[in-house]
Amino acid sequence: MTHSTKGALDGLLVIDASRVLGGPYCGQILGDHGARVIKIEPPQGDETRAWGPPFQGDAASYFLGLNRNKEGIAVDFARPEGREILLALLDGADVFLENFKTGTLEKWGIGREELRRRFPRLVHVRVSGFGEDGPYGGRPGYDAAVQALVGLMSVNGEAGGTPVRIGVPVVDMVTGLNAALGCLMALQERERSGQGQFVEAALYDCGFSLMHPHLPNLYLGAPVPVPSGNAHPNITPYDTYRCKDGDIFLAVGNNGQFAKLCAVLGLPDDDPRYATNALRKENRPALREMLEGVLASHGAEEIAERLITSGVPCAPVRTLDQVVADPHTHARGMIVDIGDYRGTASPIKLDRTPATYRKAPPSFGGDTDRVVQDFGLSADDTGLVRK
């Protein structure tokens, strides 16, 4: 299969006026797959430029991880001249990506309906905390607070312990993914109708949508879930187990896999206490004792390799430096190097129009001259913020 040098979204123009995480991650997804993305920062810069150390140049690692394949300018939207620059960029753009507080664009005279009137083909994507309506509509949202609010923290943590924040900004990340998905749906529909539309991905909605299988369990009358460590609420054995030199995670999802687990470990597979998943869950403490009694004589890496190659889903519990060094990480092309920039590659694999990595994250206002020239803006426009 011949690879194209242009991504699947080549020819799309995205104006990315979002900040922090969800919106910028959405913009990076679109940029990785070929769209031209112009990132507009406020005069003080995207606040994540300061979320360090570590730093590289004028940006923290946090900013660098979310803003690859973008051209960077800075615009003062508080000035009428700055808003005119935005409108000039949107004239001919396919996508406008933003996460302004509800009412901000309206205050500037360029709210949703005005943008729809001026640019009927524009796909307007907003990442917000809670959406526009409902009791929480318009409130600002941050990942950890939304984790607490939608119940994610309530099921995370050690059994018998207090709720704990998930160690990655999972709500922000999935909101960025859903924003990109909604954007692509709207672009696809535009091919039929010729019309753009408003797309919103709210942290609250996206965080709530992640509560599987806890919500389906609750809908069918199960007790309100509480932290249970690494154990799965529905499946056993689906948990971490101690080995001689570390932990292994077993993810045994059916009776056939359980039989294979017993065969590799030299355990009987006809114990009636463990004949079905429901019985294994009922007898979870005794099953743990039996499994860890055998695993105590095995190294985690060694037994994990034997089990996975025998058809038992599992893995050793590893540190992040071990994951970065793993040959499979590199074989899958999951690390990107552009000069002195290193980033995490797109996990979306297309065989004919794969993601491309053309440009490291921009310095603050670093592409002003190029954008001024390409869009016919005034070189001394007072709405532009120079470095």
# chains A, B, ... in the order shown; residues from 1 in each chain; ligands from 1
call {"tool": "residues_around", "arguments": {"residues": "Pro120 of chain A", "least_positions_apart": "6", "cutoff": "12 Å", "atoms": "only C-alpha atoms", "output": "NGL selection string"}}
result
:A and (90-95 or 112-114 or 190 or 193-198)
call {"tool": "select_by_dssp", "arguments": {"residues": "segment 202-238 of chain A", "states": "helix (DSSP H, G or I)", "output": "CSV table (one decimal) with N, CA and C atoms, in the first residue's frame"}}
result
chain,number,residue,atom,x,y,z
A,203,LEU,N,-17.2,18.5,29.4
A,203,LEU,CA,-16.5,17.6,30.4
A,203,LEU,C,-17.5,16.8,31.2
A,204,TYR,N,-18.6,17.4,31.7
A,204,TYR,CA,-19.5,16.7,32.5
A,204,TYR,C,-20.1,15.5,31.8
A,205,ASP,N,-20.6,15.8,30.5
A,205,ASP,CA,-21.2,14.7,29.7
A,205,ASP,C,-20.2,13.6,29.5
A,206,CYS,N,-19.0,14.0,29.1
A,206,CYS,CA,-18.0,13.0,28.7
A,206,CYS,C,-17.5,12.2,29.9
A,207,GLY,N,-17.4,12.9,31.0
A,207,GLY,CA,-17.0,12.1,32.3
A,207,GLY,C,-18.1,11.2,32.7
A,208,PHE,N,-19.4,11.6,32.6
A,208,PHE,CA,-20.5,10.7,32.9
A,208,PHE,C,-20.5,9.5,32.0
A,209,SER,N,-20.2,9.7,30.7
A,209,SER,CA,-20.3,8.6,29.8
A,209,SER,C,-19.2,7.6,30.0
A,214,HIS,N,-20.3,0.7,35.8
A,214,HIS,CA,-20.9,1.1,37.0
A,214,HIS,C,-22.3,1.6,36.8
A,215,LEU,N,-22.5,2.5,35.8
A,215,LEU,CA,-23.9,2.9,35.5
A,215,LEU,C,-24.8,1.8,35.1
A,216,PRO,N,-24.5,1.0,34.1
A,216,PRO,CA,-25.4,-0.1,33.8
A,216,PRO,C,-25.7,-1.0,35.0
A,217,ASN,N,-24.7,-1.3,35.8
A,217,ASN,CA,-24.9,-2.1,37.1
A,217,ASN,C,-26.0,-1.4,37.9
A,218,LEU,N,-25.8,-0.1,38.1
A,218,LEU,CA,-26.7,0.7,39.0
A,218,LEU,C,-28.1,0.7,38.4
A,219,TYR,N,-28.2,0.8,37.1
A,219,TYR,CA,-29.5,0.8,36.4
A,219,TYR,C,-30.3,-0.5,36.7
call {"tool": "atom_distance", "arguments": {"atom1": "atom CA of Arg370 of chain A", "atom2": "atom CA of Phe100 of chain A"}}
result
25.5 Å
call {"tool": "closest_residue", "arguments": {"among": "A:Met211, A:Ser61, A:Val155, A:Leu287", "to": "Gly229 of chain A", "atoms": "only C-alpha atoms"}}
result
A:Val155
call {"tool": "residues_around", "arguments": {"residues": "Gln147 of chain A", "least_positions_apart": "3", "cutoff": "10 Å", "atoms": "only C-alpha atoms", "output": "PyMOL selection string"}}
result
chain A and resi 142-144+150-154+164-166+169-172+203-204+207-208
call {"tool": "closest_residue", "arguments": {"among": "A:Gly131, A:Gly333, A:Leu87, A:Gly103", "to": "Arg118 of chain A", "atoms": "only C-alpha atoms"}}
result
A:Leu87
call {"tool": "residues_around", "arguments": {"residues": "Trp51 of chain A", "least_positions_apart": "4", "cutoff": "8 Å", "atoms": "only C-alpha atoms", "output": "PDB file with all heavy atoms, in the first residue's frame"}}
result
ATOM      1  N   GLU A  47      -2.277  29.211  29.287  1.00  0.00           N
ATOM      2  CA  GLU A  47      -1.728  29.064  30.636  1.00  0.00           C
ATOM      3  C   GLU A  47      -0.891  27.821  30.821  1.00  0.00           C
ATOM      4  O   GLU A  47      -0.035  27.765  31.721  1.00  0.00           O
ATOM      5  CB  GLU A  47      -2.825  29.139  31.704  1.00  0.00           C
ATOM      6  CG  GLU A  47      -3.990  28.212  31.510  1.00  0.00           C
ATOM      7  CD  GLU A  47      -5.200  28.903  30.912  1.00  0.00           C
ATOM      8  OE1 GLU A  47      -5.058  29.502  29.823  1.00  0.00           O
ATOM      9  OE2 GLU A  47      -6.277  28.843  31.524  1.00  0.00           O
ATOM     10  N   ALA A  60       6.135  24.837  28.828  1.00  0.00           N
ATOM     11  CA  ALA A  60       6.213  23.646  29.671  1.00  0.00           C
ATOM     12  C   ALA A  60       5.872  22.406  28.853  1.00  0.00           C
ATOM     13  O   ALA A  60       5.246  22.460  27.799  1.00  0.00           O
ATOM     14  CB  ALA A  60       5.246  23.773  30.848  1.00  0.00           C
ATOM     15  N   SER A  61       6.286  21.264  29.384  1.00  0.00           N
ATOM     16  CA  SER A  61       5.992  19.991  28.725  1.00  0.00           C
ATOM     17  C   SER A  61       4.494  19.812  28.510  1.00  0.00           C
ATOM     18  O   SER A  61       4.062  19.205  27.516  1.00  0.00           O
ATOM     19  CB  SER A  61       6.547  18.832  29.564  1.00  0.00           C
ATOM     20  OG  SER A  61       6.028  18.902  30.896  1.00  0.00           O
ATOM     21  N   TYR A  62       3.686  20.320  29.420  1.00  0.00           N
ATOM     22  CA  TYR A  62       2.232  20.187  29.322  1.00  0.00           C
ATOM     23  C   TYR A  62       1.719  20.798  28.020  1.00  0.00           C
ATOM     24  O   TYR A  62       0.912  20.204  27.311  1.00  0.00           O
ATOM     25  CB  TYR A  62       1.578  20.863  30.534  1.00  0.00           C
ATOM     26  CG  TYR A  62       0.213  20.338  30.881  1.00  0.00           C
ATOM     27  CD1 TYR A  62       0.024  19.528  31.993  1.00  0.00           C
ATOM     28  CD2 TYR A  62      -0.898  20.649  30.111  1.00  0.00           C
ATOM     29  CE1 TYR A  62      -1.231  19.041  32.324  1.00  0.00           C
ATOM     30  CE2 TYR A  62      -2.162  20.174  30.437  1.00  0.00           C
ATOM     31  CZ  TYR A  62      -2.315  19.369  31.544  1.00  0.00           C
ATOM     32  OH  TYR A  62      -3.554  18.894  31.869  1.00  0.00           O
ATOM     33  N   PHE A  63       2.183  22.008  27.702  1.00  0.00           N
ATOM     34  CA  PHE A  63       1.805  22.674  26.452  1.00  0.00           C
ATOM     35  C   PHE A  63       2.338  21.909  25.250  1.00  0.00           C
ATOM     36  O   PHE A  63       1.630  21.706  24.253  1.00  0.00           O
ATOM     37  CB  PHE A  63       2.342  24.107  26.450  1.00  0.00           C
ATOM     38  CG  PHE A  63       2.083  24.861  25.173  1.00  0.00           C
ATOM     39  CD1 PHE A  63       0.925  25.597  25.013  1.00  0.00           C
ATOM     40  CD2 PHE A  63       2.998  24.840  24.129  1.00  0.00           C
ATOM     41  CE1 PHE A  63       0.673  26.293  23.835  1.00  0.00           C
ATOM     42  CE2 PHE A  63       2.758  25.526  22.952  1.00  0.00           C
ATOM     43  CZ  PHE A  63       1.594  26.260  22.804  1.00  0.00           C
TER      44      PHE A  63
END
call {"tool": "atom_distance", "arguments": {"atom1": "atom CA of Glu41 of chain A", "atom2": "atom CA of Leu122 of chain A"}}
result
20.5 Å
call {"tool": "select_by_dssp", "arguments": {"residues": "segment 19-75 of chain A", "states": "strand (DSSP E or B)", "output": "list in words"}}
result
Arg36, Val37, Ile38, Lys39, Ile40, Glu41, Phe55, Gln56, Ala59, Ala60, Lys70, Glu71, Gly72, Ile73, Ala74 and Val75 of chain A
call {"tool": "decode", "arguments": {"residues": "segment 21-36 of chain A", "atoms": "N, CA, C and O atoms", "output": "short mmCIF file (atom, residue, chain, number, x, y, z; two decimals), in the first residue's frame"}}
result
data_model
loop_
_atom_site.label_atom_id
_atom_site.label_comp_id
_atom_site.auth_asym_id
_atom_site.auth_seq_id
_atom_site.Cartn_x
_atom_site.Cartn_y
_atom_site.Cartn_z
N LEU A 21 -6.49 21.89 27.80
CA LEU A 21 -6.27 20.51 27.40
C LEU A 21 -7.27 19.99 26.36
O LEU A 21 -6.88 19.62 25.26
N GLY A 22 -8.57 19.94 26.68
CA GLY A 22 -9.52 19.27 25.80
C GLY A 22 -9.53 19.84 24.40
O GLY A 22 -9.43 19.11 23.41
N GLY A 23 -9.65 21.17 24.28
CA GLY A 23 -9.66 21.80 22.97
C GLY A 23 -8.35 21.64 22.23
O GLY A 23 -8.34 21.24 21.06
N PRO A 24 -7.21 21.98 22.86
CA PRO A 24 -5.93 21.79 22.17
C PRO A 24 -5.67 20.35 21.75
O PRO A 24 -5.08 20.11 20.69
N TYR A 25 -6.11 19.37 22.55
CA TYR A 25 -5.93 17.97 22.15
C TYR A 25 -6.74 17.67 20.90
O TYR A 25 -6.27 17.01 19.96
N CYS A 26 -7.98 18.18 20.85
CA CYS A 26 -8.79 18.03 19.64
C CYS A 26 -8.07 18.65 18.45
O CYS A 26 -7.99 18.03 17.38
N GLY A 27 -7.54 19.86 18.61
CA GLY A 27 -6.83 20.51 17.51
C GLY A 27 -5.62 19.73 17.05
O GLY A 27 -5.31 19.68 15.85
N GLN A 28 -4.90 19.13 17.99
CA GLN A 28 -3.72 18.34 17.62
C GLN A 28 -4.13 17.09 16.84
O GLN A 28 -3.43 16.70 15.89
N ILE A 29 -5.22 16.46 17.22
CA ILE A 29 -5.71 15.30 16.46
C ILE A 29 -5.97 15.70 15.01
O ILE A 29 -5.55 15.01 14.07
N LEU A 30 -6.66 16.82 14.82
CA LEU A 30 -6.97 17.27 13.47
C LEU A 30 -5.70 17.63 12.72
O LEU A 30 -5.55 17.31 11.52
N GLY A 31 -4.76 18.29 13.40
CA GLY A 31 -3.50 18.66 12.76
C GLY A 31 -2.66 17.46 12.39
O GLY A 31 -2.05 17.42 11.31
N ASP A 32 -2.60 16.46 13.26
CA ASP A 32 -1.81 15.26 12.97
C ASP A 32 -2.30 14.57 11.70
O ASP A 32 -1.53 13.92 11.00
N HIS A 33 -3.58 14.71 11.41
CA HIS A 33 -4.15 14.03 10.25
C HIS A 33 -4.34 14.96 9.06
O HIS A 33 -5.15 14.69 8.18
N GLY A 34 -3.56 16.03 9.04
CA GLY A 34 -3.41 16.79 7.82
C GLY A 34 -4.04 18.16 7.77
O GLY A 34 -3.77 18.93 6.83
N ALA A 35 -4.91 18.50 8.71
CA ALA A 35 -5.53 19.82 8.68
C ALA A 35 -4.49 20.90 8.97
O ALA A 35 -3.52 20.68 9.69
N ARG A 36 -4.69 22.07 8.38
CA ARG A 36 -3.89 23.24 8.76
C ARG A 36 -4.55 23.85 9.99
O ARG A 36 -5.72 24.26 9.94
#
